[in-house]
Structures are given as structure tokens and as C-alpha cells.
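Chemist: Encoded as C-alpha cells, here's the structure I'll be asking about.
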Amino acid sequence: MKPGRVIILDLFGTILSDVSNKYEKGIDWLCREILTVGTEYAAAKRVAEEYFRANMQNRTTTHKEASLQKQLEMFRERIGFRDNFPLSEIEYGFFKASRVTAIESGLMELLSYLKEKDFSVFVMSNTIFSAETVKRLLDAHGIGQYFNGVYTSGDCGHRKPGNKFFSYVYKRIREKVAVKRDEVIFVGNSLEKDVLGAKRFRFNPIWLSADKCGFGEELADCARVENLLECKDYLERNFLSVAGISKHYSVSDGEGNRIVVYLQGCDLKCRGCHNQSTWNEFGGRIMSVRRLVEDVLLRLARAARNVTISGGEPLTQPKALQTLLTEFGRAGVDVCLYTGREFEDVSDEVKSKIHYLKTGRFVHTEKTTTKGYYGSANQKFFAKGANGEWLKKDI
Ligand code: SF4
């Protein structure tokens with residue numbers, strides 16, 4: 001199983017919006033097309049209501065779901081079908097008769113970005129419809145190819161925010177991608193069902209909410225974006241590909257004792273690099289900056305709050321690196337940055353947030369084992385002076 005980046009999107013209100021949703025139109029369609037000829041609307045409605053009372057009435061408290069296909073079976077038993085139609089076809093017909101949907105704005109940009117960044121994208125929806133119907137619906141909207149899997153409460157029998165549905169989905173995702181629970185990003189528009197459910201399950205929620213009044217913010221205590229375009233921006237700024245974090249202090253990665261964060265991805269590809277496993281930008285684990293900082297702070301002793309950010313090449317993730325440096329600054333961490341680029345290539349914004357800087361590619365013909373911190377003699381080490389000036393140090 002290959003490790004990968006995983007994002008789950010809620011369906012209605014996140015991927016698709018309802019232009020209209022009229023269950024009665026579905027019943028009407030059943031009477032006209034599927035149920036025994038001459039079935040009256042009132043008779044079909046009675047069966048639907050009986051099914052609802054028996055199976056769906058308390059679903060917001062029990063978090064249990066009933067599927068439309070089971071309901072159709074009840075129609076078949078009580079009233080009968082005029083032909084031997086497959087249930088999956090009736091279900092899709094029912095959907096088309098009862099609902100009209102449109103894709104949410106910003107969705108195509110977000111999906112293209114996720115594809116470009118090699119995310120595995122899944123759908124998790126509270127709906128009586130099966131995954132098969134949802135897949136057909138996504139295909140009909142021309143976006144089916146962007147998704148690696150679709151999971152519905154109708155198939156599972158349980159709904160968000162209950163743990164059982166999250167567990168059902170996570171288990172199936174793990175059959176496709178090796179991903180830790182807290183690396184899974186979940187985007188949804190419902191505070192209770194999506195955000196709080198995902199949080200309890202220890203996914204990383206992003207709350208899609210255009211409501212600017214701030215209601216629920218404290219409760220959610222997670223990222224909040226107004227639309228899917230902002231969601232893309234949030235991902236870029238707040239999630240990093242991480243190759244690893246040292247378990248113990250290192251004395252050879254900058255001044256003093258330092259915990260080392262190895263970021264994933266390097267476009268420099270120096271000949272003789274002994275860290276080639278960090279080259280692939282999609283190879284590491286995806287972590288929220290917040291989670292990474294929490295993890296690092298737990299490893300830091302009070303007397304040595306020093307971190308070196310190395311790679312890979314940390315500057316290949318510029319937006320998230322900025323966020324990381326800001327968070328380390330807030331936590332009073334002394335930061336050393338290792339880059340294969342030159343001093344001039346590092347932005348002033350980055351320089352303003354760090355204390356030490358090592359620059360320069362690894363040049364195998366200048367390889368050294370005697371100069372501290374350096375892989376090759378051409379590299380340079382700088383320290384920030386008391387007035388913010390950068391001083392080159394001879395190591
Ligand atoms: S910059 Fe560092 S990680 Fe990247 S190729 Fe050169 S030595 Fe390897």
C-alpha cells in the first residue's frame with residue numbers, strides 16, 4: 001500500500017448544491033414509471049411514510065441510516081413493480097426525478113489542484129442513496145474522474161457525525177492508501193455532522209461556511225473557509241509534506257542541540273545527495289502545520305527550544321513554510337533553515353523569521369566530513385546578529 005495524501009469531501013452543500021429537492025416528485029415518478037399500473041400517489045405516499053416511521057424517524061439522534069433501495073424493496077412487496085427493473089436503475093431514476101443539483105463554485109479549481117498535488121479524493125455523504133448512484137451523478141456532472149472512492153450512509157447504515165460511519169469510510173480508504181487518521185483532511189459544510197464528527201474521529205476538519213457572523217467558531221476550533229477556492233488556498237498555506245522529524249536532538253544540524261524537521265520535496269537533485277528519498281514532493285506524510293508544530297514542541301526540552309528545518313528543500317513549499325515559521329516564532333523557537341539555494345534566493349520574509357541559515361547545493365566534488373554542518377565545502381552558514389544583520393560564519 002503506498003502512502004498518500006487523502007482528502008474527503010462531503011457531497012451536498014460541499015461538492016454539489018441542491019437547485020431543487022422534492023421527495024414528492026420522486027414518489028410521483030415511481031407511480032408513473034415503476035409501480036404497478038394505476039397506483040395512486042396517496043397509496044405510494046403511505047408506504048413511504050410507513051417506511052420513514054419505521055426506519056428514519058430518529059436518525060438524527062441514533063445516527064442510523066436507511067437506504068432508498070430498502071425502501072424500494074418495500075414498495076415492491078407492498079405494491080409491486082410493473083416490470084422487473086433493477087433497483088439501482090430505479091434509484092438513479094428516483095434521484096433524477098426528485099433532485100436537481102449543480103456543482104459548487106470553486107469546485108473545479110479545487111479538484112484540479114488536488115489532482116496536481118496527487119491527493120486521493122473521496123466523497124463521504126449522509127444520503128439514502130447508494131455510492132453507485134452518487135458515482136453516476138458525479139459522472140453526469142463531468143467530475144467523476146476526480147474521485148478515488150464514494151461512500152454513503154445509505155450503504156453503511158450509519159450517518160455522520162457518528163463514529164461508525166467515519167470508521168467505515170476510513171477502513172475502506174486504508175485499503176487503498178496508507179494514511180494515518182490525523183493526516184486525513186475532511187471538508188464539509190455542517191458544523192455538527194461534518195466538522196465535529198470528523199474532529200471526534202481525529203480527522204483534520206476544514207469547515208466550509210460562508211456565514212461570517214462567527215457562530216460556532218469556538219466549538220469548531222478548526223480551519224474555516226468561505227468557499228472551495230479559499231479551501232485550496234488554505235491547503236497550500238497550512239499543510240506540509242513532511243519526510244520526518246528527528247526523535248532526538250542533533251548536534252550536527254546547526255548551533256547547539258536541535259530537533260530536525262525534514263520537509264519533503266527537492267527540485268535541486270544534487271549529484272551524490274544522500275537524501276534522495278526526500279526528492280519526490282508527493283512522497284512524505286501530509287501534516288497540518290498546527291499538528292507538526294504541536295509534535296515538535298512536545299519533543300523540545302525547555303532549555304533547548306531549537307529547531308532546524310531541513311529537507312528535501314524547504315523552499316519548495318513556500319506558503320506553508322511561512323506559516324510554519326510564524327507558528328515557531330509564536331512559540332519562541334530558535335529556527336535554523338537549511339536550503340540548497342543561495343543566500344540571495346531566500347526571501348526577506350523568511351529571513352525575518354529565522355535565526356540561522358545554511359545555504360548552497362551539495363557538490364560531490366567538494367564533499368567534506370571535517371566542516372561541521374556542511375555536506376560540501378562550498379556551502380555557507382549565516383547567523384543573525386543582535387540588530388537583525390546577517391553574519392557569515394566560518395565553521
Ligand atoms: S538540496 Fe539537499 S536534498 Fe536537495 S538534492 Fe541537494 S543535497 Fe539533496
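Starting from 1 in every chain, residues are counted up; chains themselves are A, B, ... following the order of the C-alpha cells, and ligands are numbered from 1 as listed.
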Could you pull out the residues in range 255-375 of chain A that DSSP calls strand (DSSP E or B) from the backbone, as a PyMOL selection string?

Modeler: chain A and resi 258-263+285-288+301+304+306-310+334-338+356-359+367

Chemist: Write out, as a CSV table (one decimal), in the first residue's frame, the residues just selected, with C-alpha atoms.

Modeler:
chain,number,residue,atom,x,y,z
A,258,ARG,CA,18.4,20.9,17.7
A,259,ILE,CA,15.3,18.9,16.7
A,260,VAL,CA,15.3,18.5,12.9
A,261,VAL,CA,12.2,18.7,10.7
A,262,TYR,CA,12.8,17.2,7.3
A,263,LEU,CA,10.5,18.6,4.7
A,285,ARG,CA,3.3,12.4,5.0
A,286,ILE,CA,1.0,15.3,4.8
A,287,MET,CA,0.6,17.1,8.1
A,288,SER,CA,-1.1,20.3,9.1
A,301,ALA,CA,13.2,20.5,26.2
A,304,ALA,CA,16.9,23.9,24.1
A,306,ASN,CA,15.9,24.9,18.9
A,307,VAL,CA,14.7,23.5,15.6
A,308,THR,CA,16.4,23.1,12.2
A,309,ILE,CA,14.2,22.9,9.1
A,310,SER,CA,15.9,20.8,6.5
A,334,ASP,CA,15.0,29.3,17.6
A,335,VAL,CA,15.0,28.3,14.0
A,336,CYS,CA,17.8,27.3,11.6
A,337,LEU,CA,16.9,26.8,8.0
A,338,TYR,CA,18.9,24.5,5.7
A,356,TYR,CA,20.4,30.7,11.3
A,357,LEU,CA,20.7,29.9,7.7
A,358,LYS,CA,22.7,27.3,5.8
A,359,THR,CA,22.9,27.7,2.1
A,367,LYS,CA,32.3,16.8,-0.2

Chemist: Near Asn126 in chain A, counting only C-alpha atoms, which residues have an atom at most 7 Å away, once you skip same-chain residues fewer than 5 positions from it, shown as JSON, numbers by chain?

Modeler: {"A": [152, 153, 159, 160]}

Chemist: Once you have the residues from the selection above, write them out as an mmCIF file, in the first residue's frame, restricted to C-alpha atoms.

Modeler:
data_model
loop_
_atom_site.group_PDB
_atom_site.id
_atom_site.type_symbol
_atom_site.label_atom_id
_atom_site.label_comp_id
_atom_site.auth_asym_id
_atom_site.auth_seq_id
_atom_site.Cartn_x
_atom_site.Cartn_y
_atom_site.Cartn_z
ATOM 1 C CA THR A 152 -22.677 6.881 1.568
ATOM 2 C CA SER A 153 -24.550 6.441 4.813
ATOM 3 C CA ARG A 159 -24.676 8.572 9.452
ATOM 4 C CA LYS A 160 -22.315 11.389 10.289
#

Chemist: What does the distance between CA of Tyr146 in chain A and CA of Leu114 in chain A come to in Å, to one decimal place?

Modeler: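 Separation of CA of Tyr146 in chain A and CA of Leu114 in chain A: 8.6 Å.
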
Chemist: Between A:Leu16, A:Leu72, A:Leu229, A:Leu240, single out the one closest to Ala48 in chain A, counting only C-alpha atoms.

Modeler: A:Leu72

Chemist: Check every protein, DNA and RNA residue against ligand 1, keep those with an atom at most 10 Å away (counting only C-alpha atoms and all ligand atoms), and present them as a ChimeraX atom specification.

Modeler: /A:262-279,310-314,338-341,359-364,375-376

Chemist: Check which residues of range 242-268 of chain A sit at most 12 Å from range 380-393 of chain A using only C-alpha atoms, and return one row each with the closest pair of atoms and their distance in Å to one decimal, ordered by chain and rising number, as a tab-separated table.

Modeler:
residue	atom	partner	partner_atom	distance
A:Asp253	CA	A:Phe381	CA	10.9
A:Gly254	CA	A:Phe381	CA	8.7
A:Glu255	CA	A:Ala383	CA	9.4

Chemist: Residues of range 142-218 of chain A classed as helix (DSSP H, G or I) by DSSP on the backbone are to be reported as a ChimeraX atom specification.

Modeler: /A:144-146,153-156,163-174,181-183,191-200,217-218

Chemist: Could you check which of A:Gly13, A:Pro86, A:Gly142, A:Gly80 is closest to Glu104 in chain A, using only C-alpha atoms?

Modeler: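 Closest residue, counting only C-alpha atoms: A:Gly13.
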
Chemist: Which of these, A:Ala66, A:Leu208, A:Leu321, A:Leu219, has the shortest distance to Ser347 in chain A once you count only C-alpha atoms?

Modeler: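 Counting only C-alpha atoms, the residue closest to Ser347 in chain A is A:Leu321.
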
Chemist: Just want the 8 Å neighbourhood of Ile395 in chain A, counted on only C-alpha atoms, with same-chain residues fewer than 6 positions away dropped. Output as a list in words.

Modeler: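 Residues near the query, excluding close chain neighbours: Lys371, Gly372, Tyr373 and Phe381 of chain A.
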
Chemist: Near range 32-47 of chain A, within 8 Å and counting only C-alpha atoms, which residues show up once chain neighbours fewer than 3 positions away are dropped, as a list in words?

Modeler: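 Counting only C-alpha atoms, the residues come to Ile27, Asp28, Trp29, Glu50, Tyr51, Met74, Phe75, Arg76, Arg78, Ile79, Gly80, Phe81, Arg82, Asp83, Phe85 and Ile90 of chain A.
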
Chemist: Quick one, how far is CA of Arg59 in chain A from CA of Asp221 in chain A?

Modeler: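 These atoms are spaced 26.0 Å apart.
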
Chemist: List the spatial neighbours of Ser125 in chain A as number ranges by chain - criterion: any atom at most 12 Å away, only C-alpha atoms, same-chain residues fewer than 5 positions off excluded.

Modeler: A: 8-16, 65, 130-131, 133-135, 149-161, 165-166, 169, 186-190, 193-194

Chemist: How would the residues just picked look written out with C-alpha atoms as a CSV table (one decimal), in the first residue's frame?

Modeler:
chain,number,residue,atom,x,y,z
A,8,ILE,CA,-12.6,13.6,1.9
A,9,LEU,CA,-15.3,15.9,0.7
A,10,ASP,CA,-18.8,16.0,1.9
A,11,LEU,CA,-21.3,15.8,-1.0
A,12,PHE,CA,-24.4,18.0,-0.7
A,13,GLY,CA,-23.5,21.6,0.2
A,14,THR,CA,-19.8,21.0,-0.5
A,15,ILE,CA,-19.4,19.4,-3.9
A,16,LEU,CA,-23.0,19.8,-5.1
A,65,GLU,CA,-29.4,5.5,8.1
A,130,SER,CA,-26.1,4.3,-2.7
A,131,ALA,CA,-22.5,5.1,-3.7
A,133,THR,CA,-26.0,6.4,-7.7
A,134,VAL,CA,-23.7,9.1,-6.4
A,135,LYS,CA,-20.9,8.0,-8.7
A,149,GLY,CA,-14.0,6.4,-3.9
A,150,VAL,CA,-17.5,7.3,-2.8
A,151,TYR,CA,-19.1,6.3,0.5
A,152,THR,CA,-22.7,6.9,1.6
A,153,SER,CA,-24.5,6.4,4.8
A,154,GLY,CA,-27.2,4.6,2.8
A,155,ASP,CA,-24.7,1.8,2.1
A,156,CYS,CA,-23.1,1.9,5.5
A,157,GLY,CA,-26.3,2.0,7.6
A,158,HIS,CA,-24.9,4.8,9.8
A,159,ARG,CA,-24.7,8.6,9.5
A,160,LYS,CA,-22.3,11.4,10.3
A,161,PRO,CA,-21.5,12.6,12.9
A,165,PHE,CA,-19.7,5.9,9.5
A,166,PHE,CA,-16.3,7.6,9.8
A,169,VAL,CA,-15.0,5.1,5.5
A,186,PHE,CA,-12.2,16.4,5.8
A,187,VAL,CA,-14.1,19.2,4.2
A,188,GLY,CA,-17.7,19.7,4.9
A,189,ASN,CA,-20.3,22.4,5.4
A,190,SER,CA,-22.1,21.1,8.5
A,193,LYS,CA,-22.2,16.4,11.2
A,194,ASP,CA,-19.0,17.2,9.3

Chemist: Counting only C-alpha atoms, what is within 12 Å of Arg136 in chain A, bar same-chain residues fewer than 5 positions away, as a ChimeraX atom specification?

Modeler: /A:88-89,91-93,95-96,129-131,141-145,147,150

Chemist: Let me see the file: selected residues, N, CA and C atoms, as a PDB file, in the first residue's frame.

Modeler:
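Okay, selection29.pdb is ready:
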ATOM      1  N   SER A  88     -31.004  -0.577  -8.770  1.00  0.00           N
ATOM      2  CA  SER A  88     -30.041   0.521  -8.965  1.00  0.00           C
ATOM      3  C   SER A  88     -30.544   1.515 -10.016  1.00  0.00           C
ATOM      4  N   GLU A  89     -31.211   0.988 -11.056  1.00  0.00           N
ATOM      5  CA  GLU A  89     -31.741   1.881 -12.098  1.00  0.00           C
ATOM      6  C   GLU A  89     -32.888   2.723 -11.555  1.00  0.00           C
ATOM      7  N   GLU A  91     -33.338   3.551  -8.482  1.00  0.00           N
ATOM      8  CA  GLU A  91     -32.789   4.521  -7.534  1.00  0.00           C
ATOM      9  C   GLU A  91     -32.282   5.765  -8.272  1.00  0.00           C
ATOM     10  N   TYR A  92     -31.537   5.542  -9.346  1.00  0.00           N
ATOM     11  CA  TYR A  92     -30.996   6.686 -10.079  1.00  0.00           C
ATOM     12  C   TYR A  92     -32.130   7.499 -10.721  1.00  0.00           C
ATOM     13  N   GLY A  93     -33.132   6.779 -11.225  1.00  0.00           N
ATOM     14  CA  GLY A  93     -34.305   7.466 -11.805  1.00  0.00           C
ATOM     15  C   GLY A  93     -35.012   8.302 -10.751  1.00  0.00           C
ATOM     16  N   PHE A  95     -33.668   9.590  -8.104  1.00  0.00           N
ATOM     17  CA  PHE A  95     -32.826  10.761  -7.808  1.00  0.00           C
ATOM     18  C   PHE A  95     -33.084  11.863  -8.837  1.00  0.00           C
ATOM     19  N   LYS A  96     -33.045  11.472 -10.104  1.00  0.00           N
ATOM     20  CA  LYS A  96     -33.187  12.477 -11.168  1.00  0.00           C
ATOM     21  C   LYS A  96     -34.562  13.148 -11.129  1.00  0.00           C
ATOM     22  N   PHE A 129     -29.136   7.514  -0.711  1.00  0.00           N
ATOM     23  CA  PHE A 129     -28.735   6.922  -1.993  1.00  0.00           C
ATOM     24  C   PHE A 129     -27.439   6.122  -1.851  1.00  0.00           C
ATOM     25  N   SER A 130     -27.273   5.165  -2.766  1.00  0.00           N
ATOM     26  CA  SER A 130     -26.073   4.324  -2.713  1.00  0.00           C
ATOM     27  C   SER A 130     -24.889   5.040  -3.366  1.00  0.00           C
ATOM     28  N   ALA A 131     -23.700   4.515  -3.093  1.00  0.00           N
ATOM     29  CA  ALA A 131     -22.495   5.068  -3.713  1.00  0.00           C
ATOM     30  C   ALA A 131     -22.591   4.969  -5.235  1.00  0.00           C
ATOM     31  N   HIS A 141     -22.133  15.023 -13.918  1.00  0.00           N
ATOM     32  CA  HIS A 141     -21.644  16.403 -13.798  1.00  0.00           C
ATOM     33  C   HIS A 141     -20.242  16.564 -14.390  1.00  0.00           C
ATOM     34  N   GLY A 142     -19.694  15.458 -14.903  1.00  0.00           N
ATOM     35  CA  GLY A 142     -18.364  15.518 -15.551  1.00  0.00           C
ATOM     36  C   GLY A 142     -17.206  15.574 -14.572  1.00  0.00           C
ATOM     37  N   ILE A 143     -17.428  15.141 -13.299  1.00  0.00           N
ATOM     38  CA  ILE A 143     -16.350  15.245 -12.312  1.00  0.00           C
ATOM     39  C   ILE A 143     -16.006  13.889 -11.665  1.00  0.00           C
ATOM     40  N   GLY A 144     -16.629  12.828 -12.161  1.00  0.00           N
ATOM     41  CA  GLY A 144     -16.417  11.508 -11.551  1.00  0.00           C
ATOM     42  C   GLY A 144     -14.960  11.076 -11.523  1.00  0.00           C
ATOM     43  N   GLN A 145     -14.208  11.476 -12.540  1.00  0.00           N
ATOM     44  CA  GLN A 145     -12.817  11.019 -12.650  1.00  0.00           C
ATOM     45  C   GLN A 145     -11.900  11.594 -11.573  1.00  0.00           C
ATOM     46  N   PHE A 147     -12.478  11.458  -8.399  1.00  0.00           N
ATOM     47  CA  PHE A 147     -12.676  10.826  -7.093  1.00  0.00           C
ATOM     48  C   PHE A 147     -12.176   9.381  -7.079  1.00  0.00           C
ATOM     49  N   VAL A 150     -16.309   6.640  -3.287  1.00  0.00           N
ATOM     50  CA  VAL A 150     -17.511   7.326  -2.800  1.00  0.00           C
ATOM     51  C   VAL A 150     -18.142   6.443  -1.733  1.00  0.00           C
TER      52      VAL A 150
END

Chemist: Report, in Å with one decimal, the straight-line distance from CA of Trp207 in chain A to CA of Lys115 in chain A.

Modeler: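 Between CA of Trp207 in chain A and CA of Lys115 in chain A the gap is 20.9 Å.
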